[in-house]
Structures are given as C-alpha cells and as structure tokens.
file query-v5.tsv (TSV, C-alpha atoms)
chain	number	residue	atom	x	y	z
B	1	MET	CA	-0.16	-106.19	132.10
B	2	HIS	CA	1.26	-107.31	128.77
B	3	VAL	CA	-1.38	-108.99	126.58
B	4	GLY	CA	-0.51	-110.76	123.36
B	5	LEU	CA	-2.39	-112.89	120.84
B	6	ALA	CA	-1.31	-116.44	120.00
B	7	THR	CA	-2.20	-118.55	116.99
B	8	GLY	CA	-1.54	-122.18	116.28
B	9	PHE	CA	-2.20	-121.80	112.53
B	10	ALA	CA	-4.64	-124.65	113.23
B	11	HIS	CA	-5.88	-125.50	109.75
B	12	LEU	CA	-8.67	-127.95	110.60
B	13	ARG	CA	-11.32	-126.69	108.17
B	14	GLY	CA	-11.14	-129.63	105.78
B	15	ASP	CA	-9.06	-130.49	102.73
B	16	ALA	CA	-11.19	-128.29	100.49
B	17	TYR	CA	-10.03	-125.13	102.26
B	18	PRO	CA	-6.99	-123.75	100.37
B	19	ASP	CA	-3.78	-123.70	102.39
B	20	ALA	CA	-2.62	-120.46	100.76
B	21	GLN	CA	-5.86	-118.66	101.64
B	22	PHE	CA	-5.62	-119.90	105.21
B	23	ILE	CA	-2.03	-118.66	105.61
B	24	ARG	CA	-2.93	-115.21	104.26
B	25	GLU	CA	-5.87	-114.97	106.66
B	26	GLU	CA	-3.76	-115.97	109.66
B	27	LEU	CA	-1.12	-113.39	108.80
B	28	ASP	CA	-3.75	-110.68	108.30
B	29	ASN	CA	-5.22	-111.54	111.72
B	30	LEU	CA	-1.84	-111.04	113.37
B	31	VAL	CA	-1.30	-107.72	111.62
B	32	LEU	CA	-4.78	-106.68	112.76
B	33	ALA	CA	-3.80	-107.56	116.34
B	34	GLU	CA	-1.56	-104.49	116.49
B	35	GLU	CA	-4.42	-102.22	115.37
B	36	LEU	CA	-6.70	-103.77	118.00
B	37	GLY	CA	-4.21	-103.01	120.78
B	38	PHE	CA	-2.54	-106.34	121.50
B	39	ASP	CA	1.05	-106.01	122.70
B	40	SER	CA	2.49	-109.08	120.96
B	41	VAL	CA	1.71	-111.90	118.53
B	42	TRP	CA	2.95	-115.48	118.90
B	43	ILE	CA	3.44	-118.19	116.25
B	44	THR	CA	4.13	-121.89	116.75
B	45	GLU	CA	6.25	-124.38	114.78
B	46	HIS	CA	4.89	-127.60	113.30
B	47	HIS	CA	5.44	-129.65	110.17
B	48	PHE	CA	3.74	-132.05	107.75
B	49	SER	CA	0.08	-132.01	108.86
B	50	ASP	CA	-3.00	-129.80	109.03
B	51	TYR	CA	-2.66	-129.72	112.83
B	52	SER	CA	-0.71	-126.52	112.20
B	53	LEU	CA	0.48	-124.91	108.98
B	54	SER	CA	3.21	-122.84	110.66
B	55	ASN	CA	6.47	-124.49	109.62
B	56	ASP	CA	8.78	-121.47	110.08
B	57	PRO	CA	7.70	-119.01	112.79
B	58	LEU	CA	10.77	-116.79	112.37
B	59	GLN	CA	10.09	-116.33	108.66
B	60	LEU	CA	6.41	-115.56	109.26
B	61	LEU	CA	7.24	-113.12	112.06
B	62	THR	CA	9.78	-111.35	109.85
B	63	TYR	CA	7.00	-110.81	107.31
B	64	ILE	CA	4.74	-109.45	110.06
B	65	ALA	CA	7.57	-107.19	111.23
B	66	GLY	CA	7.47	-105.48	107.85
B	67	ARG	CA	3.72	-104.81	108.13
B	68	THR	CA	3.67	-103.55	111.72
B	69	LYS	CA	5.36	-100.87	113.82
B	70	ARG	CA	4.84	-101.68	117.50
B	71	VAL	CA	3.66	-105.21	118.24
B	72	LYS	CA	6.25	-107.60	119.68
B	73	LEU	CA	6.93	-110.84	117.83
B	74	GLY	CA	7.00	-114.10	119.80
B	75	THR	CA	7.78	-117.72	118.96
B	76	GLN	CA	5.57	-120.28	120.68
B	77	CYS	CA	7.74	-122.21	120.23
B	78	ILE	CA	10.87	-122.73	118.14
B	79	ILE	CA	11.50	-126.49	118.41
B	80	VAL	CA	15.19	-126.48	119.23
B	81	PRO	CA	16.26	-130.03	118.18
B	82	TRP	CA	15.05	-129.38	114.63
B	83	HIS	CA	17.57	-126.58	113.98
B	84	ASN	CA	21.23	-126.02	113.27
B	85	PRO	CA	22.45	-123.58	115.96
B	86	ALA	CA	24.25	-121.25	113.55
B	87	ARG	CA	21.34	-120.96	111.11
B	88	LEU	CA	18.90	-120.52	113.96
B	89	ALA	CA	20.99	-117.73	115.47
B	90	GLU	CA	21.21	-115.91	112.15
B	91	LYS	CA	17.44	-116.05	111.60
B	92	ILE	CA	16.76	-114.77	115.12
B	93	VAL	CA	19.20	-111.87	114.66
B	94	ASN	CA	17.64	-110.99	111.30
B	95	LEU	CA	14.16	-110.86	112.83
B	96	ASP	CA	15.35	-108.70	115.71
B	97	ILE	CA	17.14	-106.26	113.41
B	98	MET	CA	14.29	-105.94	110.91
B	99	SER	CA	11.71	-105.48	113.68
B	100	GLY	CA	13.76	-102.97	115.66
B	101	GLY	CA	14.33	-105.31	118.59
B	102	ARG	CA	10.77	-106.62	118.92
B	103	ALA	CA	11.57	-110.36	118.98
B	104	ILE	CA	10.55	-112.53	121.95
B	105	LEU	CA	11.98	-116.04	122.01
B	106	GLY	CA	10.07	-119.10	123.14
B	107	PHE	CA	11.72	-122.52	122.87
B	108	GLY	CA	10.38	-126.07	123.02
B	109	GLY	CA	11.60	-129.62	122.66
B	110	GLY	CA	9.13	-131.23	120.27
B	111	LEU	CA	7.06	-134.39	120.66
B	112	ALA	CA	5.47	-135.70	117.46
B	113	PRO	CA	7.42	-138.66	116.02
B	114	HIS	CA	6.29	-137.94	112.45
B	115	GLU	CA	7.81	-134.45	112.62
B	116	PHE	CA	11.20	-135.73	113.80
B	117	ARG	CA	11.07	-138.45	111.14
B	118	GLY	CA	10.11	-136.05	108.36
B	119	LEU	CA	12.95	-133.69	109.26
B	120	GLY	CA	15.48	-136.50	109.47
B	121	ILE	CA	16.15	-135.96	113.19
B	122	ASP	CA	16.71	-138.92	115.53
B	123	GLN	CA	14.18	-138.37	118.30
B	124	ASN	CA	16.31	-140.45	120.67
B	125	LYS	CA	18.82	-137.58	120.58
B	126	SER	CA	16.22	-134.86	121.13
B	127	ARG	CA	16.96	-134.15	124.80
B	128	ALA	CA	20.70	-133.90	124.19
B	129	LEU	CA	20.15	-131.76	121.08
B	130	TYR	CA	17.88	-129.40	123.02
B	131	THR	CA	20.45	-128.80	125.76
B	132	ASP	CA	23.54	-128.69	123.55
B	133	ILE	CA	22.04	-126.36	120.93
B	134	LEU	CA	20.84	-123.88	123.56
B	135	ASP	CA	24.26	-124.00	125.23
B	136	VAL	CA	25.73	-122.65	121.99
B	137	LEU	CA	22.82	-120.49	120.80
B	138	ILE	CA	21.98	-118.43	123.90
B	139	PRO	CA	25.54	-117.28	124.75
B	140	GLY	CA	26.06	-116.62	121.04
B	141	LEU	CA	23.04	-114.32	120.83
B	142	GLU	CA	24.52	-112.27	123.70
B	143	SER	CA	28.17	-112.19	122.61
B	144	GLY	CA	27.82	-112.42	118.85
B	145	ILE	CA	30.20	-115.40	118.88
B	146	LEU	CA	29.11	-119.01	118.30
B	147	GLU	CA	31.33	-121.85	119.43
B	148	GLY	CA	30.87	-125.34	120.90
B	149	GLU	CA	30.10	-128.95	120.26
B	150	GLY	CA	27.51	-131.47	121.30
B	151	ALA	CA	24.88	-133.83	119.96
B	152	PHE	CA	24.53	-131.64	116.86
B	153	GLY	CA	28.25	-131.95	116.02
B	154	VAL	CA	30.92	-129.24	116.16
B	155	GLN	CA	30.24	-125.53	115.80
B	156	PRO	CA	33.55	-123.83	114.92
B	157	ARG	CA	34.16	-120.41	116.44
B	158	VAL	CA	32.45	-117.86	114.19
B	159	GLU	CA	31.21	-114.30	114.52
B	160	LEU	CA	27.56	-113.59	113.79
B	161	ARG	CA	27.24	-110.96	111.06
B	162	PRO	CA	25.05	-109.02	111.16
B	163	ARG	CA	25.67	-108.77	114.89
B	164	PRO	CA	22.88	-108.94	117.51
B	165	ILE	CA	21.59	-105.45	118.26
B	166	LYS	CA	20.75	-105.90	121.96
B	167	SER	CA	20.54	-108.45	124.75
B	168	PHE	CA	17.78	-111.05	124.82
B	169	ALA	CA	17.71	-110.98	128.62
B	170	GLY	CA	14.09	-110.73	129.77
B	171	ARG	CA	12.68	-111.92	126.47
B	172	LYS	CA	13.48	-115.63	126.55
B	173	PHE	CA	10.92	-118.25	127.55
B	174	CYS	CA	10.60	-122.02	127.63
B	175	GLY	CA	7.45	-123.90	126.77
B	176	SER	CA	8.58	-127.46	127.55
B	177	LEU	CA	9.48	-127.49	131.21
B	178	SER	CA	10.10	-131.16	131.92
B	179	GLY	CA	13.13	-133.21	132.81
B	180	THR	CA	16.47	-131.84	131.69
B	181	SER	CA	14.81	-129.01	129.74
B	182	MET	CA	13.79	-127.37	133.02
B	183	ARG	CA	17.37	-127.15	134.28
B	184	SER	CA	18.61	-125.91	130.91
B	185	ALA	CA	15.91	-123.22	130.93
B	186	ALA	CA	16.91	-122.08	134.40
B	187	GLN	CA	20.60	-121.97	133.53
B	188	HIS	CA	19.89	-119.69	130.57
B	189	GLY	CA	17.53	-117.39	132.48
B	190	PHE	CA	14.30	-118.34	130.72
B	191	GLY	CA	10.86	-117.48	131.96
B	192	ASN	CA	8.12	-120.10	131.89
B	193	MET	CA	5.34	-120.23	129.31
B	194	VAL	CA	2.27	-121.71	131.02
B	195	LEU	CA	0.53	-123.49	128.15
B	196	MET	CA	-1.82	-125.94	129.90
B	197	LEU	CA	-4.08	-124.14	132.36
B	198	PRO	CA	-5.76	-125.85	135.34
B	199	GLN	CA	-9.51	-126.25	135.01
B	200	ARG	CA	-11.66	-124.60	137.63
B	201	GLY	CA	-11.94	-126.74	140.74
B	202	GLN	CA	-8.76	-128.61	139.99
B	203	GLU	CA	-5.59	-128.23	141.99
B	204	THR	CA	-2.98	-126.00	140.41
B	205	PRO	CA	0.12	-128.01	139.44
B	206	PRO	CA	3.12	-127.44	141.72
B	207	ASP	CA	5.63	-124.81	140.64
B	208	LEU	CA	8.50	-127.15	139.88
B	209	TYR	CA	10.32	-124.54	137.82
B	210	THR	CA	10.89	-122.25	140.79
B	211	GLN	CA	12.38	-125.19	142.69
B	212	VAL	CA	14.82	-125.92	139.86
B	213	TRP	CA	15.58	-122.21	139.40
B	214	GLN	CA	16.55	-121.92	143.06
B	215	GLU	CA	18.77	-124.99	142.80
B	216	VAL	CA	20.61	-123.26	139.94
B	217	HIS	CA	20.61	-119.63	141.12
B	218	GLY	CA	20.19	-119.79	144.90
B	219	ALA	CA	17.45	-120.25	147.49
B	220	ASN	CA	16.45	-116.58	147.66
B	221	THR	CA	16.05	-116.08	143.91
B	222	SER	CA	12.98	-116.29	141.69
B	223	PRO	CA	12.56	-116.92	137.96
B	224	PRO	CA	11.06	-114.25	135.72
B	225	ALA	CA	7.29	-114.02	136.02
B	226	PRO	CA	5.65	-116.37	133.49
B	227	MET	CA	3.60	-115.72	130.40
B	228	VAL	CA	0.19	-117.44	130.53
B	229	ASN	CA	-1.49	-118.94	127.48
B	230	GLY	CA	-4.84	-120.76	127.15
B	231	ASN	CA	-7.90	-121.00	124.88
B	232	TYR	CA	-10.74	-118.50	125.35
B	233	TYR	CA	-14.09	-118.25	123.57
B	234	ILE	CA	-15.97	-114.99	124.07
B	235	ASP	CA	-19.52	-114.00	123.15
B	236	GLU	CA	-22.23	-111.81	124.59
B	237	SER	CA	-24.23	-115.02	125.09
B	238	ALA	CA	-22.68	-117.22	127.76
B	239	ASP	CA	-24.53	-120.31	126.51
B	240	TYR	CA	-23.40	-119.82	122.92
B	241	ALA	CA	-19.81	-119.20	124.04
B	242	GLU	CA	-19.81	-122.39	126.09
B	243	ALA	CA	-21.16	-124.53	123.25
B	244	GLN	CA	-18.75	-123.11	120.68
B	245	GLY	CA	-15.76	-123.10	122.99
B	246	ARG	CA	-16.27	-126.74	123.94
B	247	LYS	CA	-16.65	-127.74	120.28
B	248	TYR	CA	-13.51	-125.99	119.09
B	249	LEU	CA	-11.36	-126.98	122.05
B	250	ALA	CA	-12.45	-130.60	121.52
B	251	ASN	CA	-11.42	-130.22	117.86
B	252	THR	CA	-8.03	-128.97	119.02
B	253	MET	CA	-7.45	-131.91	121.34
B	254	ARG	CA	-8.70	-134.45	118.82
B	255	ALA	CA	-6.19	-133.11	116.29
B	256	ALA	CA	-3.43	-132.99	118.93
B	257	ILE	CA	-3.93	-136.65	119.82
B	258	ARG	CA	-3.53	-137.57	116.17
B	259	ASN	CA	-0.59	-135.19	115.55
B	260	TYR	CA	1.39	-136.32	118.58
B	261	SER	CA	0.64	-140.04	118.00
B	262	LEU	CA	-1.10	-140.29	121.36
B	263	ASP	CA	-3.51	-142.69	119.64
B	264	LYS	CA	-0.67	-145.20	119.16
B	265	PRO	CA	0.04	-147.03	122.44
B	266	GLY	CA	3.61	-148.27	122.61
B	267	ILE	CA	5.10	-145.63	120.34
B	268	PHE	CA	6.97	-143.69	123.06
B	269	SER	CA	8.12	-146.66	125.12
B	270	THR	CA	11.27	-147.07	123.02
B	271	ILE	CA	12.11	-143.38	122.39
B	272	GLN	CA	14.83	-142.25	124.76
B	273	GLY	CA	13.75	-139.36	126.95
B	274	TYR	CA	10.08	-139.65	125.96
B	275	GLU	CA	9.12	-142.78	127.87
B	276	HIS	CA	6.91	-140.81	130.28
B	277	TYR	CA	4.65	-139.79	127.37
B	278	GLU	CA	3.65	-143.43	126.98
B	279	LYS	CA	1.23	-143.04	129.89
B	280	MET	CA	-0.58	-140.32	127.90
B	281	THR	CA	-1.37	-142.59	124.96
B	282	MET	CA	-4.85	-144.10	124.74
B	283	GLU	CA	-6.77	-146.84	123.02
B	284	PRO	CA	-9.24	-145.85	120.24
B	285	GLU	CA	-12.33	-146.26	122.41
B	286	ALA	CA	-10.95	-143.85	125.02
B	287	ILE	CA	-10.28	-140.94	122.66
B	288	GLU	CA	-13.75	-139.41	122.21
B	289	PRO	CA	-14.65	-139.49	125.93
B	290	TYR	CA	-11.31	-137.81	126.69
B	291	VAL	CA	-11.80	-135.22	123.93
B	292	THR	CA	-15.28	-134.37	125.19
B	293	LYS	CA	-14.06	-133.99	128.76
B	294	PHE	CA	-11.15	-131.82	127.65
B	295	GLY	CA	-13.48	-129.55	125.69
B	296	GLU	CA	-15.47	-128.91	128.85
B	297	GLY	CA	-12.39	-127.17	130.26
B	298	ALA	CA	-12.54	-124.31	127.75
B	299	VAL	CA	-12.60	-120.82	129.22
B	300	THR	CA	-15.80	-119.41	127.76
B	301	GLY	CA	-18.41	-116.80	128.43
B	302	THR	CA	-19.32	-113.16	128.28
B	303	PRO	CA	-16.60	-110.51	128.45
B	304	GLN	CA	-17.08	-110.22	132.21
B	305	MET	CA	-16.88	-113.99	132.66
B	306	ILE	CA	-13.62	-114.06	130.71
B	307	LEU	CA	-12.24	-111.25	132.86
B	308	ASP	CA	-13.26	-113.08	136.03
B	309	ARG	CA	-11.37	-116.21	134.98
B	310	MET	CA	-8.30	-114.26	133.89
B	311	TRP	CA	-8.28	-112.52	137.28
B	312	GLU	CA	-8.22	-115.95	138.92
B	313	LEU	CA	-5.29	-116.95	136.68
B	314	LYS	CA	-3.51	-113.72	137.55
B	315	GLU	CA	-3.83	-114.56	141.25
B	316	ILE	CA	-2.54	-118.10	140.68
B	317	TYR	CA	0.45	-117.37	138.45
B	318	ARG	CA	1.31	-113.69	139.04
B	319	PRO	CA	2.28	-113.46	135.35
B	320	GLN	CA	3.98	-110.65	133.50
B	321	GLY	CA	1.46	-111.16	130.74
B	322	PHE	CA	-1.12	-113.27	128.92
B	323	PHE	CA	-1.00	-114.47	125.32
B	324	PRO	CA	-4.37	-116.15	124.73
B	325	HIS	CA	-5.75	-118.08	121.79
B	326	VAL	CA	-9.13	-116.48	121.01
B	327	TYR	CA	-9.59	-118.57	117.86
B	328	PHE	CA	-8.64	-122.22	117.51
B	329	GLY	CA	-9.83	-125.67	116.49
B	330	GLY	CA	-10.64	-124.89	112.86
B	331	MET	CA	-12.79	-121.87	113.65
B	332	PRO	CA	-14.05	-120.10	110.49
B	333	GLN	CA	-12.33	-116.81	109.70
B	334	GLU	CA	-15.44	-114.71	110.33
B	335	GLU	CA	-15.83	-116.25	113.77
B	336	ALA	CA	-12.15	-115.71	114.54
B	337	LEU	CA	-12.49	-112.03	113.65
B	338	LYS	CA	-15.61	-111.70	115.78
B	339	ASN	CA	-13.79	-113.12	118.79
B	340	MET	CA	-10.73	-110.94	118.23
B	341	HIS	CA	-12.75	-107.74	118.01
B	342	LEU	CA	-14.95	-108.55	121.01
B	343	PHE	CA	-11.97	-109.53	123.16
B	344	ALA	CA	-10.12	-106.38	122.13
B	345	GLU	CA	-13.09	-104.12	122.77
B	346	LYS	CA	-14.45	-105.54	126.02
B	347	VAL	CA	-11.62	-107.49	127.71
B	348	LEU	CA	-8.30	-106.05	126.57
B	349	PRO	CA	-8.51	-102.56	128.14
B	350	GLU	CA	-9.46	-103.91	131.57
B	351	LEU	CA	-6.92	-106.72	131.40
B	352	LYS	CA	-4.08	-104.36	130.45
B	353	SER	CA	-4.97	-102.11	133.38
call {"tool": "encode", "arguments": {"input": "query-v5.tsv", "output": "structure tokens"}}
result
Amino acid sequence: MHVGLATGFAHLRGDAYPDAQFIREELDNLVLAEELGFDSVWITEHHFSDYSLSNDPLQLLTYIAGRTKRVKLGTQCIIVPWHNPARLAEKIVNLDIMSGGRAILGFGGGLAPHEFRGLGIDQNKSRALYTDILDVLIPGLESGILEGEGAFGVQPRVELRPRPIKSFAGRKFCGSLSGTSMRSAAQHGFGNMVLMLPQRGQETPPDLYTQVWQEVHGANTSPPAPMVNGNYYIDESADYAEAQGRKYLANTMRAAIRNYSLDKPGIFSTIQGYEHYEKMTMEPEAIEPYVTKFGEGAVTGTPQMILDRMWELKEIYRPQGFFPHVYFGGMPQEEALKNMHLFAEKVLPELKS
C-alpha cells in the first residue's frame, strides 16, 4: 500500500505568524516525510489568502526534489484553468527530470471566485479551459509535441525541450470529478483522488467515475484504483485526539467557507458551470453550526483507532494508496511534528503492509 503525506500549507495561525517562517517549516516537514518512511508528498495550489500559502506546487516540489532522494512528488492539485498549457508542460517536465521521474500529477478545476479574479481568468470559461488545456497538455507530455486550440487560444505546434523522460501513464489523477471534468479525466486515463471521505454511519457516495469510465472505455473496463485523502488526528489519548481533531477540522472548514465564498449566497448563480455550487452557500447564522458538525467528522483517535478507520476506507474504496493530512487547520508546528512522528511510528508500517 502506497502511503503519502499531504499538506494544504494551511496558514491559519494569525497575522502575527511570519509567512516566510511558515513556508520554511512546511517544506522541512515534507523533506522529513521521506526520512519517516512516507512514499510521497502532495502540495496544493491556492492564491491570495491565508487559507493556503502554496501558490506554485510545481516550484515547491522541485525544491523538495533537490533535498530528497526517494519520495514521490504529487500535486493536489494543479488548477488547470489558471495555466498556459505550454508553460505548464515545461514546468512539469522540469520537475520530472530533476526528480528522476518522481512526479505524480493531480489536476483540479478551481472554485474560489477571488482566485480567478486575482489571476485575471474569466471563471465563466473555467470548464472549457479545463477540458481544452488538458486536451493539449496530456498528449503533449506523452509525445513531447504540443499543438491545439481551444478556450485558451491557439497553441502552435512546438516541441518540448527538454523532452519528457518517461510516460505519465499511471501517475495522473483528478481531484474535481464533476460534470464535464469527469469525462475529460476518463478520456485521459486519470485515476480518482478521493478528497471528501464519508463519515461513519453515512452512506458512501455512488461511484459515478466508474460509470463514466465505462462509457468512455467499455463496459468491462475499470479506472485505476483511487488515491484516498482525508484529515487524521492521532494521539495516544483518544479523548485528546477527538477534541483536537474536531477543533482543527472545524478551523479548516471555517476557512474553506470564507475562501470559496460559500458565505455569499447568490455568488455562483451567475457563473457558468458553477451554478450547482449555489446550493452549498449558506447564510451567516448557519455557518458555525455547519462548521461544528463538520468538525465532528474528523478521523481521530489512538494509533489503533486510526488503523481501524483506514481499514474500513480500504474496504470501501480499494485504493492503490492513501495520502492523509495529519496536520491541518492552523495546527502549531510542534503539534504537526508530533502527529507526523506518531503516525509514522505506529500507523505507517502496518498500513503499508
């Protein structure tokens, strides 16, 4: 079982905490992950808020590549509509070359209006940009030749130099499986990244991706096994783990509601392709009850309790691997390190077996 470590670069420790110090600590944690035995590290992409200070996952992973030897380097996720296909291809190839072929690609579509606005991207074109950019990017990473046109404009026929060193088959994933993105992911052979886990006692969401995959590839085919994410708080005291896990997961959701403008009813109703997100927005008085309830869904407990839940998730999803968040929600650095070490010592060996 492949087991990675994900980080959202979730800088929620207050304005007094220096951004530069936080970035250095996050990078050191991901370098440490290799020493602790994790198989991969995963970095997200966000812009213009303290929800996440990771604005260029490929650049950060290239830095980590230079400080590590073995650990694979994953993007969770590159937000496709925010990128020029040629520049994105070049950065991916550079990372793969400098890491010796350790790159794992995860792609997403983006949601937060302020991020689209700040980058000068028309969010109404996001769905078309997502599909059209991938239609140029993915074949180009395999052939070394970029060519095509779409919502992004025209990409003249060019050769990537330096050339890709090996195929990305088997190391491509999609983290935004909804609408047209699901069909695009299937057409390009992506695996699924399961980012929102079902709470215990709740029905597991239907596997819509397999249905779409079979429409594209045939009734007797199956997509690659997924990678499973999630937030986990571990401590030798189950009660302490539950209290801390609920607090930090609530922090994460509270920040997400603000970052994605889910506290602004009406904002998505006029954005093409995002209308269905309007039903997720909420009035101010509904936010704290929702945040509290969401926090109760944290996976917390002793090492054995964490293993028990991950076994349940293995039975549900039959994944090829996990890439958990074991620190999140503005957790202090010392607490993040404690969780990393305890997970690596008590959970990782059994999980990998």
call {"tool": "atom_distance", "arguments": {"input": "query-v5.tsv", "atom1": "atom CA of Gly191 of chain B", "atom2": "atom CA of Ile121 of chain B"}}
result
26.9 Å
call {"tool": "atom_distance", "arguments": {"input": "query-v5.tsv", "atom1": "atom CA of Gly273 of chain B", "atom2": "atom CA of Lys125 of chain B"}}
result
8.3 Å
call {"tool": "atom_distance", "arguments": {"input": "query-v5.tsv", "atom1": "atom CA of Pro324 of chain B", "atom2": "atom CA of Leu36 of chain B"}}
result
14.3 Å
call {"tool": "closest_residue", "arguments": {"input": "query-v5.tsv", "among": "B:Pro156, B:Gly110, B:Gly329, B:Pro349", "to": "Ser52 of chain B", "atoms": "only C-alpha atoms"}}
result
B:Gly329
call {"tool": "residues_around", "arguments": {"input": "query-v5.tsv", "residues": "Ala169 of chain B", "least_positions_apart": "6", "cutoff": "9 Å", "atoms": "all atoms listed in the file", "output": "PyMOL selection string"}}
result
chain B and resi 142+189-190
call {"tool": "residues_around", "arguments": {"input": "query-v5.tsv", "residues": "Tyr130 of chain B", "least_positions_apart": "2", "cutoff": "12 Å", "atoms": "only C-alpha atoms", "output": "PyMOL selection string"}}
result
chain B and resi 78-85+107-110+121+123-128+132-138+150-152+174+176-185+273
call {"tool": "write_last_selection", "arguments": {"input": "query-v5.tsv", "atoms": "C-alpha atoms", "output": "compact mmCIF listing (two decimals), in the frame of the given file"}}
result
# COMPACT_ATOMS: atom_id res chain seq x y z
CA ILE B 78 10.87 -122.73 118.14
CA ILE B 79 11.50 -126.49 118.41
CA VAL B 80 15.19 -126.48 119.23
CA PRO B 81 16.26 -130.03 118.18
CA TRP B 82 15.05 -129.38 114.63
CA HIS B 83 17.57 -126.58 113.98
CA ASN B 84 21.23 -126.02 113.27
CA PRO B 85 22.45 -123.58 115.96
CA PHE B 107 11.72 -122.52 122.87
CA GLY B 108 10.38 -126.07 123.02
CA GLY B 109 11.60 -129.62 122.66
CA GLY B 110 9.13 -131.23 120.27
CA ILE B 121 16.15 -135.96 113.19
CA GLN B 123 14.18 -138.37 118.30
CA ASN B 124 16.31 -140.45 120.67
CA LYS B 125 18.82 -137.58 120.58
CA SER B 126 16.22 -134.86 121.13
CA ARG B 127 16.96 -134.15 124.80
CA ALA B 128 20.70 -133.90 124.19
CA ASP B 132 23.54 -128.69 123.55
CA ILE B 133 22.04 -126.36 120.93
CA LEU B 134 20.84 -123.88 123.56
CA ASP B 135 24.26 -124.00 125.23
CA VAL B 136 25.73 -122.65 121.99
CA LEU B 137 22.82 -120.49 120.80
CA ILE B 138 21.98 -118.43 123.90
CA GLY B 150 27.51 -131.47 121.30
CA ALA B 151 24.88 -133.83 119.96
CA PHE B 152 24.53 -131.64 116.86
CA CYS B 174 10.60 -122.02 127.63
CA SER B 176 8.58 -127.46 127.55
CA LEU B 177 9.48 -127.49 131.21
CA SER B 178 10.10 -131.16 131.92
CA GLY B 179 13.13 -133.21 132.81
CA THR B 180 16.47 -131.84 131.69
CA SER B 181 14.81 -129.01 129.74
CA MET B 182 13.79 -127.37 133.02
CA ARG B 183 17.37 -127.15 134.28
CA SER B 184 18.61 -125.91 130.91
CA ALA B 185 15.91 -123.22 130.93
CA GLY B 273 13.75 -139.36 126.95
call {"tool": "closest_residue", "arguments": {"input": "query-v5.tsv", "among": "B:Asp263, B:Gly148, B:Pro226, B:Val347", "to": "Glu285 of chain B", "atoms": "all atoms listed in the file"}}
result
B:Asp263
call {"tool": "closest_residue", "arguments": {"input": "query-v5.tsv", "among": "B:Glu115, B:Asp50, B:Glu90, B:Asp96", "to": "Tyr17 of chain B", "atoms": "all atoms listed in the file"}}
result
B:Asp50
call {"tool": "closest_residue", "arguments": {"input": "query-v5.tsv", "among": "B:Arg161, B:Lys293, B:His341, B:Arg117", "to": "Lys91 of chain B", "atoms": "all atoms listed in the file"}}
result
B:Arg161
call {"tool": "residues_around", "arguments": {"input": "query-v5.tsv", "residues": "Gln320 of chain B", "least_positions_apart": "5", "cutoff": "12 Å", "atoms": "all atoms listed in the file", "output": "MDAnalysis selection string"}}
result
chainID B and resid 1:4 170:171 173 191:194 223:229 313:315 351:352
call {"tool": "closest_residue", "arguments": {"input": "query-v5.tsv", "among": "B:Ala86, B:Met98, B:Pro18, B:Ile316", "to": "Glu159 of chain B", "atoms": "only C-alpha atoms"}}
result
B:Ala86
call {"tool": "residues_around", "arguments": {"input": "query-v5.tsv", "residues": "Val41 of chain B", "least_positions_apart": "6", "cutoff": "8 Å", "atoms": "only C-alpha atoms", "output": "PyMOL selection string"}}
result
chain B and resi 4-7+30+33+71-74+323
call {"tool": "closest_residue", "arguments": {"input": "query-v5.tsv", "among": "B:Phe343, B:Tyr63, B:Phe9, B:Phe22", "to": "Asp235 of chain B", "atoms": "all atoms listed in the file"}}
result
B:Phe343
call {"tool": "residues_around", "arguments": {"input": "query-v5.tsv", "residues": "Ile97 of chain B", "least_positions_apart": "5", "cutoff": "12 Å", "atoms": "all atoms listed in the file", "output": "count of residues only"}}
result
14
